[in-house]
Amino acid sequence: MKILVPVKRVIDYNVKVRVKPDQSGVELANVKMAMNPFDEIAVEQALRIKEAGQADEIILVSVGPTQSQETIRTGLAMGADRGIHIEADQETEPLSVAKCLKAVVDKEQPGLVLCGKQAIDDDSNQTGQMLSALLGWAQATFASGVELAGDNAAIIREVDGGLEHISVKMPAVITVDLRLNEPRYASLPNIMKAKKKPIDQMSAADLGVDTTPRLTTVKVEEPAARQAGIKVGSVSELVDKLKNEAKVI
Ligand code: AMP
């Protein structure tokens, strides 16, 4: 079985994101970029499935600018087998990414697609769901446990107030949550090996996908600055303030 893992290049989660002065988006020039953290977890899970003898090949796919190949190399250094880079200059939206991924699935015929539950730049949480709809495959989102057994995948999902256990028929699209695993670091020998692993290149147009944006960003704003708190001297003062100033009790 092949496993397809879509990996997105996003601003590194340690970077303090700055809004552009014209409010058209966020500053990307000279900003450290990295693999979307949820996608690292998906790569790790694919590697564990392969190590358990339940998959033969892990293919990484990234839709984005030329530098997305660095993101693919990061996953190849973790242990994935090969990559596919789909060149797209403009910002990618979930629907066009899902259409590109569908074209790759049609060609590669994987038994499983493991995505991140969301990309930390646009926070869309849509691509995996759209892909499963386009393919007509089962989907399991927000997985914090994945066990494959024959034609089924047993999934634990994090939901409000607890864990949900579901079973889906394979082939399926599974989107992974934070607590599924802890991704490994790439070792130096694996980083060297990754340089030789193949990355196929194509454009979205080659796959017949039009990536023209359907959404228009009207304005991007910094979140409002939090107001300073106060210290109260006693419980009665706290109750008084909650009652008469905040009017919440
Ligand atoms: P989103 O729907 O944008 O929140 O993204 C959810 C997941 O879809 C990500 O964690 C990735 O696994 C995948 N994905 C989204 N955009 C891309 C992209 N441009 N290239 C590859 N994978 C992507």
# chains A, B, ... in the order shown; residues from 1 in each chain; ligands from 1
$ residues_near_ligand --ligand "ligand 1" --cutoff "6 Å" --atoms "only C-alpha atoms and all ligand atoms" --output "list in words"
Pro6, Val7, Lys8, Phe38, Asp39, Val61, Ser62, Val63, Gly64, Thr92, Pro94, Val97, Cys115, Gly116, Lys117, Gln118, Ala119, Asp122, Asp123, Ser124, Asn125, Gln126, Thr127 and Gly128 of chain A
$ write_last_selection --atoms "C-alpha atoms" --output "short mmCIF file (atom, residue, chain, number, x, y, z; two decimals), in the first residue's frame"
data_model
loop_
_atom_site.label_atom_id
_atom_site.label_comp_id
_atom_site.auth_asym_id
_atom_site.auth_seq_id
_atom_site.Cartn_x
_atom_site.Cartn_y
_atom_site.Cartn_z
CA PRO A 6 0.27 16.30 1.61
CA VAL A 7 2.75 18.69 3.24
CA LYS A 8 2.38 22.46 3.22
CA PHE A 38 0.33 18.85 11.72
CA ASP A 39 1.86 17.58 8.47
CA VAL A 61 3.00 16.09 -2.12
CA SER A 62 3.31 19.84 -1.78
CA VAL A 63 1.43 22.47 -3.76
CA GLY A 64 3.17 25.83 -3.74
CA THR A 92 -3.20 28.09 -2.61
CA PRO A 94 -8.09 24.36 -0.03
CA VAL A 97 -5.16 21.95 -3.39
CA CYS A 115 -3.18 15.05 6.02
CA GLY A 116 -2.72 17.57 8.79
CA LYS A 117 -6.02 18.62 10.37
CA GLN A 118 -5.27 22.22 9.43
CA ALA A 119 -2.60 24.45 8.03
CA ASP A 122 -4.89 29.87 6.86
CA ASP A 123 -6.44 27.66 9.59
CA SER A 124 -8.92 26.45 6.96
CA ASN A 125 -9.36 22.86 8.14
CA GLN A 126 -10.94 22.02 4.77
CA THR A 127 -8.47 20.33 2.43
CA GLY A 128 -8.76 16.75 3.74
#
$ select_by_dssp --residues "segment 17-220 of chain A" --states "strand (DSSP E or B)" --output "ChimeraX atom specification"
/A:19,26,33-35,57-64,82-87,112-116,138-149,152-159,162-169,172-176,199-203
$ residues_around --residues "Leu60 of chain A" --least-positions-apart "5" --cutoff "12 Å" --atoms "only C-alpha atoms" --output "VMD selection string"
chain A and resid 2 to 8 35 39 to 40 42 to 44 46 to 47 68 to 86 101 104 to 105 108 110 113 to 115 197 to 201
$ closest_residue --among "A:Asn244, A:Gln109, A:Ser24, A:Thr141" --to "Val173 of chain A" --atoms "only C-alpha atoms"
A:Thr141
$ select_by_dssp --residues "segment 15-223 of chain A" --states "alpha helix (DSSP H)" --output "ChimeraX atom specification"
/A:37-51,68-78,94-108,127-135,188-194
$ residues_around --residues "Ile156 of chain A" --least-positions-apart "3" --cutoff "10 Å" --atoms "only C-alpha atoms" --output "JSON, numbers by chain"
{"A": [140, 141, 142, 143, 144, 145, 146, 147, 153, 159, 163, 164, 165, 166, 167, 180]}
$ write_last_selection --atoms "N, CA and C atoms" --output "PDB file, in the first residue's frame"
ATOM      1  N   ALA A 140     -11.832  10.523   8.156  1.00  0.00           N
ATOM      2  CA  ALA A 140     -11.798  10.549   9.623  1.00  0.00           C
ATOM      3  C   ALA A 140     -10.932  11.756   9.980  1.00  0.00           C
ATOM      4  N   THR A 141     -11.519  12.720  10.660  1.00  0.00           N
ATOM      5  CA  THR A 141     -10.794  13.959  10.933  1.00  0.00           C
ATOM      6  C   THR A 141     -10.355  14.009  12.397  1.00  0.00           C
ATOM      7  N   PHE A 142      -9.350  14.842  12.667  1.00  0.00           N
ATOM      8  CA  PHE A 142      -8.868  15.096  14.037  1.00  0.00           C
ATOM      9  C   PHE A 142      -8.447  13.800  14.728  1.00  0.00           C
ATOM     10  N   ALA A 143      -7.674  12.964  14.029  1.00  0.00           N
ATOM     11  CA  ALA A 143      -7.314  11.666  14.602  1.00  0.00           C
ATOM     12  C   ALA A 143      -6.217  11.813  15.650  1.00  0.00           C
ATOM     13  N   SER A 144      -6.455  11.246  16.834  1.00  0.00           N
ATOM     14  CA  SER A 144      -5.383  11.210  17.832  1.00  0.00           C
ATOM     15  C   SER A 144      -4.984   9.759  18.107  1.00  0.00           C
ATOM     16  N   GLY A 145      -5.552   8.839  17.318  1.00  0.00           N
ATOM     17  CA  GLY A 145      -5.154   7.435  17.349  1.00  0.00           C
ATOM     18  C   GLY A 145      -5.505   6.817  16.009  1.00  0.00           C
ATOM     19  N   VAL A 146      -4.573   6.079  15.407  1.00  0.00           N
ATOM     20  CA  VAL A 146      -4.830   5.440  14.101  1.00  0.00           C
ATOM     21  C   VAL A 146      -4.304   4.010  14.160  1.00  0.00           C
ATOM     22  N   GLU A 147      -5.184   3.027  13.956  1.00  0.00           N
ATOM     23  CA  GLU A 147      -4.766   1.614  13.902  1.00  0.00           C
ATOM     24  C   GLU A 147      -5.351   1.013  12.632  1.00  0.00           C
ATOM     25  N   ALA A 153      -9.803   1.148   9.252  1.00  0.00           N
ATOM     26  CA  ALA A 153      -8.917   1.919  10.121  1.00  0.00           C
ATOM     27  C   ALA A 153      -9.730   2.277  11.356  1.00  0.00           C
ATOM     28  N   VAL A 159     -12.834  15.013  20.483  1.00  0.00           N
ATOM     29  CA  VAL A 159     -14.028  15.846  20.336  1.00  0.00           C
ATOM     30  C   VAL A 159     -14.234  16.565  21.662  1.00  0.00           C
ATOM     31  N   LEU A 163     -13.276  11.467  23.911  1.00  0.00           N
ATOM     32  CA  LEU A 163     -12.691  10.831  22.738  1.00  0.00           C
ATOM     33  C   LEU A 163     -13.760  10.000  22.039  1.00  0.00           C
ATOM     34  N   GLU A 164     -13.775  10.078  20.718  1.00  0.00           N
ATOM     35  CA  GLU A 164     -14.747   9.298  19.946  1.00  0.00           C
ATOM     36  C   GLU A 164     -13.977   8.194  19.207  1.00  0.00           C
ATOM     37  N   HIS A 165     -14.473   6.958  19.255  1.00  0.00           N
ATOM     38  CA  HIS A 165     -13.814   5.843  18.560  1.00  0.00           C
ATOM     39  C   HIS A 165     -14.645   5.512  17.328  1.00  0.00           C
ATOM     40  N   ILE A 166     -14.054   5.596  16.150  1.00  0.00           N
ATOM     41  CA  ILE A 166     -14.806   5.251  14.942  1.00  0.00           C
ATOM     42  C   ILE A 166     -13.994   4.274  14.090  1.00  0.00           C
ATOM     43  N   SER A 167     -14.690   3.648  13.149  1.00  0.00           N
ATOM     44  CA  SER A 167     -14.005   2.750  12.237  1.00  0.00           C
ATOM     45  C   SER A 167     -14.361   3.195  10.815  1.00  0.00           C
ATOM     46  N   LEU A 180      -1.485  12.864  18.288  1.00  0.00           N
ATOM     47  CA  LEU A 180      -1.347  11.531  17.677  1.00  0.00           C
ATOM     48  C   LEU A 180       0.042  10.930  17.946  1.00  0.00           C
TER      49      LEU A 180
END
